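Undergrad: Here it is, the structure, as structure tokens.
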Amino acid sequence: GQIIHLEDYRPTDFVLERVDLTFELDPKETKVEARLILHRREGVDASAPLVLDGDELVMTGLLLDQEELAAALYDVTDDTLTIRGLPETAPFEVTITTMLSPETNTKLMGLYRTNSVYCTQCEAEGFRRITYFPDRPDVLAVYTVNIIADKKSAPLLLSNGNYLGGADMGDGRHFAAWFDPHLKPSYLFALVAGDLGVVEDTFTTMSGREVALKIYVEHGKEPRAAYAMDALKRSMKWDEETFGREYDLDIFMIVAVSDFNMGAMENKGLNVFNDKYVLADPETATDADYANIEAIIAHEYFHNWTGNRITCRDWFQLCLKEGLTVYRDHEFSADMRSRAVKRIAEVRHLKSEQFPEDAGPLAHPVRPTKYREINNFYTTTVYEKGSEVTRMIATLLGRDLFKKGMDLYFERHDGQAVTIEDFVACFADVSGRNLSQFSLWYHQAGTPLVTASGAYDAGKQTFTLSLEQTVPPTPGQSAKEPMYIPLRMGLLLGNGAEADLSSVAGADITGDVLHLTQRKQTVVFSGITSRPVPSFNRGFSAPINLHIEQTDDDLALIARHESDLFARWQALNAIALANLVSATANARAGKSVTCEKALLDGLVAAAADDGLEPAFRSQALSLPSEADIAREIGADNDPDAIHTARQQILKAIAVSGRGTFLRLADEMASTSSFSPDAESAGRRALRNAALTYLVHGEDDPKRAAEVFAAADNMTDLSHALALLAHRFPDAPETAQALATFRKRFADNALVIDKWFAVQATIPGAGTLNRVKALMTEPLFNGNNPNRVRSLVGSYAFANPTGFNRADGEGYRFLAKQILDIDPRNPQLAARILTSMRSWRSLEDTRADHARNALKEIAGATKLSADVSDIVERMLK
Ligand code: HT7
Ligand code: ZN
């Protein structure tokens, strides 16, 4: 594929006014008739042809104003339909007939079948797999959709908007018509047809309109959609109360399907979901599943305003809808749950997923300027870093001005396809601030590094902070400008009090936000009566790396006394990370590993502190992951040494905190029936964290096997299974538990995904053979994205020692899988391949093996654009 550049953006030559679609559904021979009403845009040359996008289409008819078009007036290539000789000013009608085979569409883009249900996925460029079309987000039109299908196998016929009516056709078929009055781009089109069960409810909007809510799932699974329905109603209410956004159709539908490339899709009025993010009950879903369902239901619903009513001018602007909508779903979850705990989880995720992307060969700006394959830009940088950039705008402007800016955005751009510049201008306009330096966050890739050092002058009672920022070079961007970094901070005094920051020179401070804008900045605080301990980046106000020489004593003070709970966790995490990095060096050098007292004391004290909420204490107990340690080390990584060091630290904590962990395992055990609420989930998390240590401090699988046998919910059951499998992979108790789990849940594919993932993430070189064996297991299905992600994805993304085998077999296995998946489902293949994005930070032997595996992929004949784009960028 060729490279698309932002600077080449031009509006279309023709304006689309209306779209009428008729589908005659059939598994192998679906007929689509698309009637497009267009006119030439003012000022466009009268000879300019209409060029429509297409992808793997078979066209069987083409009419212009109801007349067949002469062959000389059009051309068809692999990906375009070009029509010449069109009217100069008058509107005209193009009618295109295409034939599709949904059953053989394994790419899951366009119209496909999943479990006998017809469904569509059009973002980003799937609509062109249905008909020839100006398939770009700045072409907004009103759609009418007629669906004709066999009545027995597809009693349900759904599309966007409001239902117009339907009828029996007398030949075993029936039809339904839908009209969506809202302007929309083609990527928001959706059609679903099949035989599904439904859960129904209603929501009364703030202006008193009643909206019908329907969640469609496979027959028999209706009770498992209750939590999703509850989350939907809470999302609708929250968006009204927080952003003043009301829903705008008579009906809102969600359909759960089992074959889906991503999490979910925000099609207007007809969201389509990966069933993993809809279905939940205590027996089959973990607390993490419940939290994900709540967040993703909210995310897709919030897109109705941030994405659908106001959409992207072009795909370079993807963060306009995704970054903003992630920010909105984060705020929603923070309001539904514990804000501090939610923030800790977000930052853990950002650091483990986005920071490595930003530090490796796939790094790109939040708003990229070029792409080869847009599917590869649905990244954690666009989503999560995009959300952090929105959060920084809110931090800089404060709550009221941020709200005003959002109100202006909704008012000014409703019904439009806009850019990041349009979005930022709303905040500049309401605040009167110049946000041009701030906008570098959209344009410069790479995680800024801020180094800080402090000096206290007791005589002058001043504290001088020397700050320096650098942004590392990234592909295509070697030199960087200094960024505008809002750094929330405090100066903690020995007695637990905080210094007043208002007497300051060298930087603007608003509240507790220090505005770091220069490459080097010296900031002097006056009136500081004793040596303070600085606490930086409270609430993770900026997505940066921070280097500051701080003693464990200073960090321990922050961990005990910070008013910001997030900062307390951050300090504990910093103590742990430093200890784990030095332990890794020792392990690699064959020396013994020691666990510092500050770490033992800090973790056990936080765990034992009954004044803190259990969910926070469980986060405090959860050590940085092996990937976190590798990232902190940065280069020449040996995953085996990291694993050894971490296991030994875990064991040392287990031994020293045993009394506390025994108490918590007992006290946090549930006494009432299961509830998925955040508080109950927090108690389960703390108990399971305590159990993790207890099991690592013992040489016998007995405790884990007992917890497994006694578990009455999936959170505890799957945690116990993972403890057994990861700590005692070869024990008979583990084999027994795996067999019991498989037998009990063999008919529930989403639960079996947990079973695959647990086994794929068993540490050590031996796991590759397990993974290979599991691929031949009857419950595995290489065509289903959830199964592939659970087995192959978990192995490659979440098993550092198993995947990064010193002999390179893990990489060779992955290369083979990528080449096998690619022809069927390029998007899935490309995504799993990104698991190798940090290959250059491995020690030489592994890096050589990784490079060779990547070269093997790159050298294959007939690679998809998706995979060749990723592999080429990774090898550059
Ligand atoms: N906006 C949705 C993106 C999406 C997608 C993109 C490419 C291929 C398949 C896809 N399915 C969904 C999801 C979201 O961010 O809400
Ligand atoms: Zn989204």
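Every chain in the structure tokens has a letter given in the order shown (A, B, ...), and although residue numbers restart at 1 in each chain, ligands are simply numbered from 1 in the order shown.
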Env of Asp180 in chain A: 10 Å cut, atoms = only C-alpha atoms, seq-sep filter 2 positions within chain, self excluded. Answer as an NGL selection string.
TA: :A and (141-145 or 159-164 or 178 or 182-184 or 189 or 249 or 268-269)
Undergrad: So that I can check the surroundings of range 464-467 of chain A, please list as an MDAnalysis selection string every protein, DNA and RNA residue that reaches within 6 Å of it, counting only C-alpha atoms and ignoring chain neighbours fewer than 5 positions away.
TA: chainID A and resid 451:455 520:524
Undergrad: Please identify all polymer residues within 10 Å of Val198 in chain A, counting only C-alpha atoms, omitting same-chain residues fewer than 5 positions from it, and present them as a list of chain:residue names.
TA: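 Skipping anything fewer than 5 positions along the chain leaves A:Leu213, A:Lys214, A:Ile215, A:Tyr216, A:Val217, A:Glu218, A:His219, A:Gly220, A:Lys221, A:Glu222, A:Pro223, A:Ala225, A:Met253, A:Ile254, A:Val255.
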Undergrad: Go through the chains and note each residue within 8 Å of ligand 1, using only C-alpha atoms and all ligand atoms, then give the set as a PDB file with C-alpha atoms, in the first residue's frame.
TA:
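Final file, result31.pdb:
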ATOM      1  CA  LEU A 108     -14.231  -9.517   9.778  1.00  0.00           C
ATOM      2  CA  MET A 109     -14.383  -6.183   7.949  1.00  0.00           C
ATOM      3  CA  GLN A 121     -17.746  -3.742  10.855  1.00  0.00           C
ATOM      4  CA  CYS A 122     -17.072  -0.613   8.841  1.00  0.00           C
ATOM      5  CA  GLU A 123     -14.501   1.379  10.793  1.00  0.00           C
ATOM      6  CA  ALA A 124     -12.103   2.337   9.465  1.00  0.00           C
ATOM      7  CA  GLU A 125     -12.446   1.272   5.825  1.00  0.00           C
ATOM      8  CA  PHE A 260     -14.788  -9.481  16.449  1.00  0.00           C
ATOM      9  CA  ASN A 261     -11.414  -7.896  15.771  1.00  0.00           C
ATOM     10  CA  MET A 262     -11.544  -5.323  18.562  1.00  0.00           C
ATOM     11  CA  GLY A 263     -13.502  -4.631  21.749  1.00  0.00           C
ATOM     12  CA  ALA A 264     -16.611  -2.976  20.357  1.00  0.00           C
ATOM     13  CA  MET A 265     -17.905  -0.531  17.770  1.00  0.00           C
ATOM     14  CA  GLU A 266     -19.927   2.643  18.251  1.00  0.00           C
ATOM     15  CA  ILE A 296     -16.446  -0.323  27.264  1.00  0.00           C
ATOM     16  CA  HIS A 299     -16.937   4.227  25.974  1.00  0.00           C
ATOM     17  CA  GLU A 300     -19.081   3.192  23.012  1.00  0.00           C
ATOM     18  CA  HIS A 303     -18.945   8.055  21.268  1.00  0.00           C
ATOM     19  CA  GLU A 322     -10.680   8.097  20.683  1.00  0.00           C
ATOM     20  CA  ASN A 375      -5.901  -0.244  11.015  1.00  0.00           C
ATOM     21  CA  TYR A 378      -5.732   2.096  16.548  1.00  0.00           C
ATOM     22  CA  TYR A 383      -6.187   6.025  22.646  1.00  0.00           C
ATOM     23  CA  GLN A 827      -5.700  -7.066  11.358  1.00  0.00           C
TER      24      GLN A 827
END
Undergrad: Between A:Ile37, A:Leu580, A:Val655, A:Met99, single out the one closest to Gly61 in chain A, counting only C-alpha atoms.
TA: A:Met99
Undergrad: Using only C-alpha atoms, pick whichever of A:Ala608, A:Thr311, A:Thr369, A:Val341 has the shortest atom-to-atom distance to His5 in chain A.
TA: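 Among A:Ala608, A:Thr311, A:Thr369, A:Val341, it is A:Thr369 that comes nearest to His5 in chain A.
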Undergrad: Run DSSP on the backbone and grab whatever in range 248-415 of chain A lands in alpha helix (DSSP H); send it over as number ranges by chain.
TA: A: 287-302, 318-336, 339-349, 355-358, 380, 386-397, 399-413
Undergrad: For each of A:Asp457, A:Glu667, A:Glu384, A:Asp822, take the minimum atom-to-atom distance to ligand 2, counting only C-alpha atoms and all ligand atoms, then give the residue where this is smallest.
TA: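 Of all the options, A:Glu384 lies closest to ligand 2.
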Undergrad: Excluding Ile818 in chain A and any residue of its chain fewer than 2 positions from it, enumerate the residues within 12 Å of it, using only C-alpha atoms, and give them as a ChimeraX atom specification.
TA: /A:782,788-789,792-793,796,811-816,820-836,853-854,856-858,860,863-864,866-868,870-871
Undergrad: Export, as a short mmCIF file (atom, residue, chain, number, x, y, z; two decimals), in the first residue's frame, the selected residues with N, CA and C atoms.
TA:
data_model
loop_
_atom_site.label_atom_id
_atom_site.label_comp_id
_atom_site.auth_asym_id
_atom_site.auth_seq_id
_atom_site.Cartn_x
_atom_site.Cartn_y
_atom_site.Cartn_z
N GLY A 782 -8.67 -21.42 15.53
CA GLY A 782 -7.74 -20.42 14.99
C GLY A 782 -8.41 -19.33 14.17
N VAL A 788 -7.53 -16.83 19.54
CA VAL A 788 -6.14 -16.61 19.11
C VAL A 788 -5.44 -15.64 20.07
N ARG A 789 -6.15 -14.57 20.45
CA ARG A 789 -5.54 -13.61 21.39
C ARG A 789 -5.26 -14.27 22.74
N VAL A 792 -2.26 -17.47 21.62
CA VAL A 792 -1.03 -16.96 20.98
C VAL A 792 -0.69 -15.56 21.51
N GLY A 793 -1.72 -14.72 21.64
CA GLY A 793 -1.50 -13.34 22.13
C GLY A 793 -0.97 -13.33 23.55
N ALA A 796 2.70 -14.35 23.60
CA ALA A 796 3.66 -13.39 23.06
C ALA A 796 3.69 -12.08 23.85
N TYR A 811 10.17 -16.74 19.09
CA TYR A 811 9.99 -15.80 17.97
C TYR A 811 9.69 -16.55 16.67
N ARG A 812 10.37 -17.68 16.49
CA ARG A 812 10.12 -18.45 15.25
C ARG A 812 8.69 -18.99 15.22
N PHE A 813 8.24 -19.41 16.41
CA PHE A 813 6.85 -19.87 16.51
C PHE A 813 5.89 -18.72 16.16
N LEU A 814 6.16 -17.56 16.71
CA LEU A 814 5.26 -16.43 16.44
C LEU A 814 5.26 -16.08 14.95
N ALA A 815 6.45 -16.08 14.35
CA ALA A 815 6.53 -15.76 12.92
C ALA A 815 5.65 -16.71 12.11
N LYS A 816 5.69 -17.98 12.48
CA LYS A 816 4.89 -18.97 11.78
C LYS A 816 3.39 -18.68 11.96
N ASP A 820 0.54 -17.63 9.21
CA ASP A 820 -0.65 -18.48 9.08
C ASP A 820 -1.94 -17.66 9.21
N ILE A 821 -1.95 -16.72 10.15
CA ILE A 821 -3.17 -15.93 10.41
C ILE A 821 -3.37 -14.87 9.32
N ASP A 822 -2.27 -14.32 8.85
CA ASP A 822 -2.34 -13.14 7.97
C ASP A 822 -3.31 -13.25 6.78
N PRO A 823 -3.27 -14.36 6.02
CA PRO A 823 -4.19 -14.41 4.87
C PRO A 823 -5.66 -14.39 5.29
N ARG A 824 -5.96 -14.95 6.46
CA ARG A 824 -7.36 -14.97 6.92
C ARG A 824 -7.77 -13.63 7.53
N ASN A 825 -6.92 -13.14 8.44
CA ASN A 825 -7.32 -11.97 9.21
C ASN A 825 -6.09 -11.08 9.46
N PRO A 826 -5.78 -10.21 8.48
CA PRO A 826 -4.56 -9.40 8.58
C PRO A 826 -4.53 -8.50 9.81
N GLN A 827 -5.69 -7.96 10.20
CA GLN A 827 -5.70 -7.07 11.36
C GLN A 827 -5.24 -7.78 12.62
N LEU A 828 -5.76 -9.00 12.79
CA LEU A 828 -5.41 -9.79 13.96
C LEU A 828 -3.92 -10.13 13.94
N ALA A 829 -3.43 -10.54 12.76
CA ALA A 829 -2.02 -10.90 12.63
C ALA A 829 -1.13 -9.71 12.97
N ALA A 830 -1.47 -8.55 12.42
CA ALA A 830 -0.63 -7.36 12.63
C ALA A 830 -0.60 -6.97 14.11
N ARG A 831 -1.74 -7.08 14.76
CA ARG A 831 -1.80 -6.69 16.17
C ARG A 831 -0.95 -7.62 17.04
N ILE A 832 -1.05 -8.91 16.79
CA ILE A 832 -0.27 -9.85 17.61
C ILE A 832 1.22 -9.67 17.36
N LEU A 833 1.56 -9.30 16.14
CA LEU A 833 2.97 -9.08 15.82
C LEU A 833 3.57 -7.91 16.61
N THR A 834 2.73 -6.95 17.02
CA THR A 834 3.28 -5.81 17.77
C THR A 834 3.83 -6.25 19.14
N SER A 835 3.58 -7.50 19.53
CA SER A 835 4.17 -8.02 20.78
C SER A 835 5.69 -7.98 20.72
N MET A 836 6.25 -7.87 19.50
CA MET A 836 7.71 -7.84 19.38
C MET A 836 8.26 -6.41 19.30
N ALA A 853 13.60 -13.58 12.98
CA ALA A 853 12.19 -13.97 12.84
C ALA A 853 11.41 -12.88 12.11
N LEU A 854 11.71 -11.63 12.44
CA LEU A 854 11.02 -10.52 11.76
C LEU A 854 11.37 -10.51 10.27
N GLU A 856 12.16 -13.04 8.53
CA GLU A 856 11.46 -14.16 7.88
C GLU A 856 10.03 -13.73 7.48
N ILE A 857 9.39 -12.99 8.38
CA ILE A 857 8.04 -12.50 8.06
C ILE A 857 8.12 -11.52 6.89
N ALA A 858 9.07 -10.59 7.01
CA ALA A 858 9.18 -9.54 5.98
C ALA A 858 9.44 -10.14 4.60
N ALA A 860 8.36 -12.97 3.41
CA ALA A 860 7.33 -13.88 2.90
C ALA A 860 6.63 -13.27 1.69
N LEU A 863 2.35 -10.77 1.70
CA LEU A 863 1.98 -10.27 3.04
C LEU A 863 0.87 -9.24 2.89
N SER A 864 -0.01 -9.16 3.88
CA SER A 864 -1.02 -8.11 3.87
C SER A 864 -0.34 -6.75 4.10
N ASP A 866 -1.29 -4.75 6.29
CA ASP A 866 -1.25 -4.59 7.75
C ASP A 866 0.06 -5.13 8.32
N VAL A 867 0.37 -6.38 7.97
CA VAL A 867 1.56 -7.01 8.54
C VAL A 867 2.83 -6.42 7.94
N SER A 868 2.83 -6.14 6.64
CA SER A 868 4.09 -5.63 6.08
C SER A 868 4.38 -4.24 6.63
N ILE A 870 3.71 -3.16 9.70
CA ILE A 870 4.27 -3.32 11.06
C ILE A 870 5.68 -3.88 10.99
N VAL A 871 5.87 -4.93 10.21
CA VAL A 871 7.18 -5.59 10.23
C VAL A 871 8.26 -4.66 9.65
#
Undergrad: Any idea what's packed within 8 Å of range 536-553 of chain A, counting only C-alpha atoms, ignoring anything in its chain fewer than 5 positions away? Could you give it as a compact mmCIF listing (two decimals) with C-alpha atoms, in the first residue's frame?
TA:
# COMPACT_ATOMS: atom_id res chain seq x y z
CA ALA A 340 -7.40 6.82 43.15
CA ARG A 343 -6.02 6.16 38.32
CA VAL A 347 -1.26 4.54 34.84
CA LYS A 385 -1.86 8.91 25.41
CA GLU A 388 -3.81 11.79 28.86
CA ARG A 391 -6.64 15.15 30.85
CA MET A 392 -3.76 17.64 30.76
CA THR A 395 -5.61 20.07 34.49
CA THR A 447 7.75 10.00 26.34
CA PRO A 448 9.36 13.15 27.76
CA LEU A 449 11.96 12.57 30.44
CA VAL A 450 12.03 15.11 33.26
CA THR A 451 15.03 15.08 35.58
CA ALA A 452 14.77 16.95 38.82
CA SER A 453 17.11 17.73 41.65
CA ILE A 485 4.24 19.88 31.11
CA PRO A 486 1.68 20.39 33.87
CA LEU A 487 3.37 18.86 36.88
CA ARG A 488 1.22 18.53 39.97
CA MET A 489 3.46 18.54 43.04
CA GLY A 490 3.80 19.09 46.74
CA ASP A 564 -2.73 12.22 47.07
CA PHE A 566 -2.00 7.96 43.75
CA ALA A 567 1.30 9.57 44.76
CA ILE A 575 10.94 1.86 45.90
CA ALA A 598 12.14 -0.04 52.84
Undergrad: A:Val604, A:Arg18, A:Thr98, A:Gln66: which is nearest Gly54 in chain A, counting only C-alpha atoms?
TA: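 Of A:Val604, A:Arg18, A:Thr98, A:Gln66, the one nearest Gly54 in chain A is A:Thr98, counting only C-alpha atoms.
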Undergrad: Kindly indicate which residue among A:Gln759, A:Asn271, A:Thr60, A:Thr89 lies nearest to ligand 2, using only C-alpha atoms and all ligand atoms for the distances.
TA: A:Asn271
Undergrad: Distance CA of Ser656 in chain A-CA of Pro701 in chain A, one decimal place?
TA: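 Those two atoms sit 19.8 Å apart.
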Undergrad: Identify, on the basis of only C-alpha atoms, every residue whose closest approach to range 50-52 of chain A does not exceed 8 Å; exclude the query and any residue fewer than 5 positions from it along the same chain; express the result as a list in words.
TA: Asp13, Phe14, Thr80, Leu81, Thr82, Ile83, Arg84, Leu86, Tyr132, Phe133, Pro134 and Asp135 of chain A
Undergrad: Output N, CA and C atoms for every residue in the selection just made, as a short mmCIF file (atom, residue, chain, number, x, y, z; two decimals), in the first residue's frame.
TA:
data_model
loop_
_atom_site.label_atom_id
_atom_site.label_comp_id
_atom_site.auth_asym_id
_atom_site.auth_seq_id
_atom_site.Cartn_x
_atom_site.Cartn_y
_atom_site.Cartn_z
N ASP A 13 -14.56 16.00 -4.30
CA ASP A 13 -15.09 16.82 -5.40
C ASP A 13 -16.62 16.80 -5.42
N PHE A 14 -17.19 15.74 -4.89
CA PHE A 14 -18.67 15.60 -4.94
C PHE A 14 -19.23 15.54 -3.52
N THR A 80 -10.97 0.96 -6.85
CA THR A 80 -11.74 2.16 -7.19
C THR A 80 -12.79 1.87 -8.27
N LEU A 81 -13.81 2.73 -8.25
CA LEU A 81 -14.76 2.82 -9.38
C LEU A 81 -14.75 4.28 -9.78
N THR A 82 -14.39 4.55 -11.04
CA THR A 82 -14.30 5.93 -11.51
C THR A 82 -15.39 6.17 -12.56
N ILE A 83 -16.19 7.22 -12.35
CA ILE A 83 -17.28 7.51 -13.30
C ILE A 83 -17.06 8.91 -13.89
N ARG A 84 -17.12 8.96 -15.23
CA ARG A 84 -16.90 10.24 -15.91
C ARG A 84 -18.22 10.74 -16.50
N LEU A 86 -20.25 13.27 -15.67
CA LEU A 86 -21.34 13.54 -14.73
C LEU A 86 -21.81 14.99 -14.84
N TYR A 132 -19.20 0.33 -3.58
CA TYR A 132 -18.30 1.44 -3.94
C TYR A 132 -18.85 2.70 -3.30
N PHE A 133 -17.96 3.48 -2.72
CA PHE A 133 -18.44 4.59 -1.90
C PHE A 133 -17.32 5.58 -1.62
N PRO A 134 -17.65 6.86 -1.39
CA PRO A 134 -16.62 7.79 -0.88
C PRO A 134 -16.40 7.47 0.60
N ASP A 135 -15.57 6.45 0.85
CA ASP A 135 -15.48 5.84 2.19
C ASP A 135 -14.44 6.58 3.03
#
Undergrad: Tell me, in Å to one decimal, how far CA of Asn852 in chain A is from CA of Trp839 in chain A.
TA: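 Pair CA of Asn852 in chain A / CA of Trp839 in chain A returns 11.1 Å.
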Undergrad: Considering only C-alpha atoms, return as a list of chain:residue names whatever protein or nucleic-acid residues lie within 9 Å of Met336 in chain A, sequence-local ones (same chain, fewer than 3 positions apart) excluded.
TA: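 That gives A:Arg234, A:Glu331, A:Phe332, A:Ser333, A:Arg339, A:Ala678.
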Undergrad: I need the residues from that last selection saved to file as a PDB file, in the first residue's frame (with C-alpha atoms), if you can.
TA:
ATOM      1  CA  ARG A 234     -25.553   4.581  34.306  1.00  0.00           C
ATOM      2  CA  GLU A 331     -13.753   9.791  34.312  1.00  0.00           C
ATOM      3  CA  PHE A 332     -16.951   7.744  34.312  1.00  0.00           C
ATOM      4  CA  SER A 333     -15.224   4.747  35.911  1.00  0.00           C
ATOM      5  CA  ARG A 339     -10.893   7.494  41.779  1.00  0.00           C
ATOM      6  CA  ALA A 678     -16.040  -1.965  43.518  1.00  0.00           C
TER       7      ALA A 678
END
Undergrad: Using DSSP on the backbone, list every residue of range 265-325 of chain A that comes out as strand (DSSP E or B), and give them as a list in words.
TA: Met265, Leu270, Asn271, Val272, Phe273, Asn274, Thr306, Ile310, Thr311 and Cys312 of chain A
Undergrad: Put those residues in a file: N, CA and C atoms, as a compact mmCIF listing (two decimals), in the first residue's frame.
TA:
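Saved as again_1.txt:
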# COMPACT_ATOMS: atom_id res chain seq x y z
N MET A 265 -17.82 -1.55 18.81
CA MET A 265 -17.90 -0.53 17.77
C MET A 265 -19.14 0.34 17.97
N LEU A 270 -26.60 1.50 17.02
CA LEU A 270 -26.50 0.04 16.92
C LEU A 270 -25.05 -0.38 17.18
N ASN A 271 -24.67 -0.33 18.43
CA ASN A 271 -23.31 -0.74 18.80
C ASN A 271 -23.16 -2.25 18.59
N VAL A 272 -22.01 -2.64 18.08
CA VAL A 272 -21.70 -4.07 17.99
C VAL A 272 -20.53 -4.35 18.93
N PHE A 273 -20.68 -5.37 19.75
CA PHE A 273 -19.69 -5.66 20.79
C PHE A 273 -19.11 -7.05 20.63
N ASN A 274 -17.85 -7.17 20.91
CA ASN A 274 -17.23 -8.45 21.21
C ASN A 274 -17.97 -8.98 22.45
N THR A 306 -19.02 12.16 21.16
CA THR A 306 -17.62 12.39 20.80
C THR A 306 -17.18 11.30 19.82
N ILE A 310 -20.07 14.57 16.46
CA ILE A 310 -18.90 15.29 15.96
C ILE A 310 -17.85 14.24 15.61
N THR A 311 -17.51 14.16 14.34
CA THR A 311 -16.60 13.09 13.92
C THR A 311 -15.27 13.65 13.41
N CYS A 312 -14.46 12.76 12.88
CA CYS A 312 -13.10 13.13 12.44
C CYS A 312 -13.13 13.56 10.97
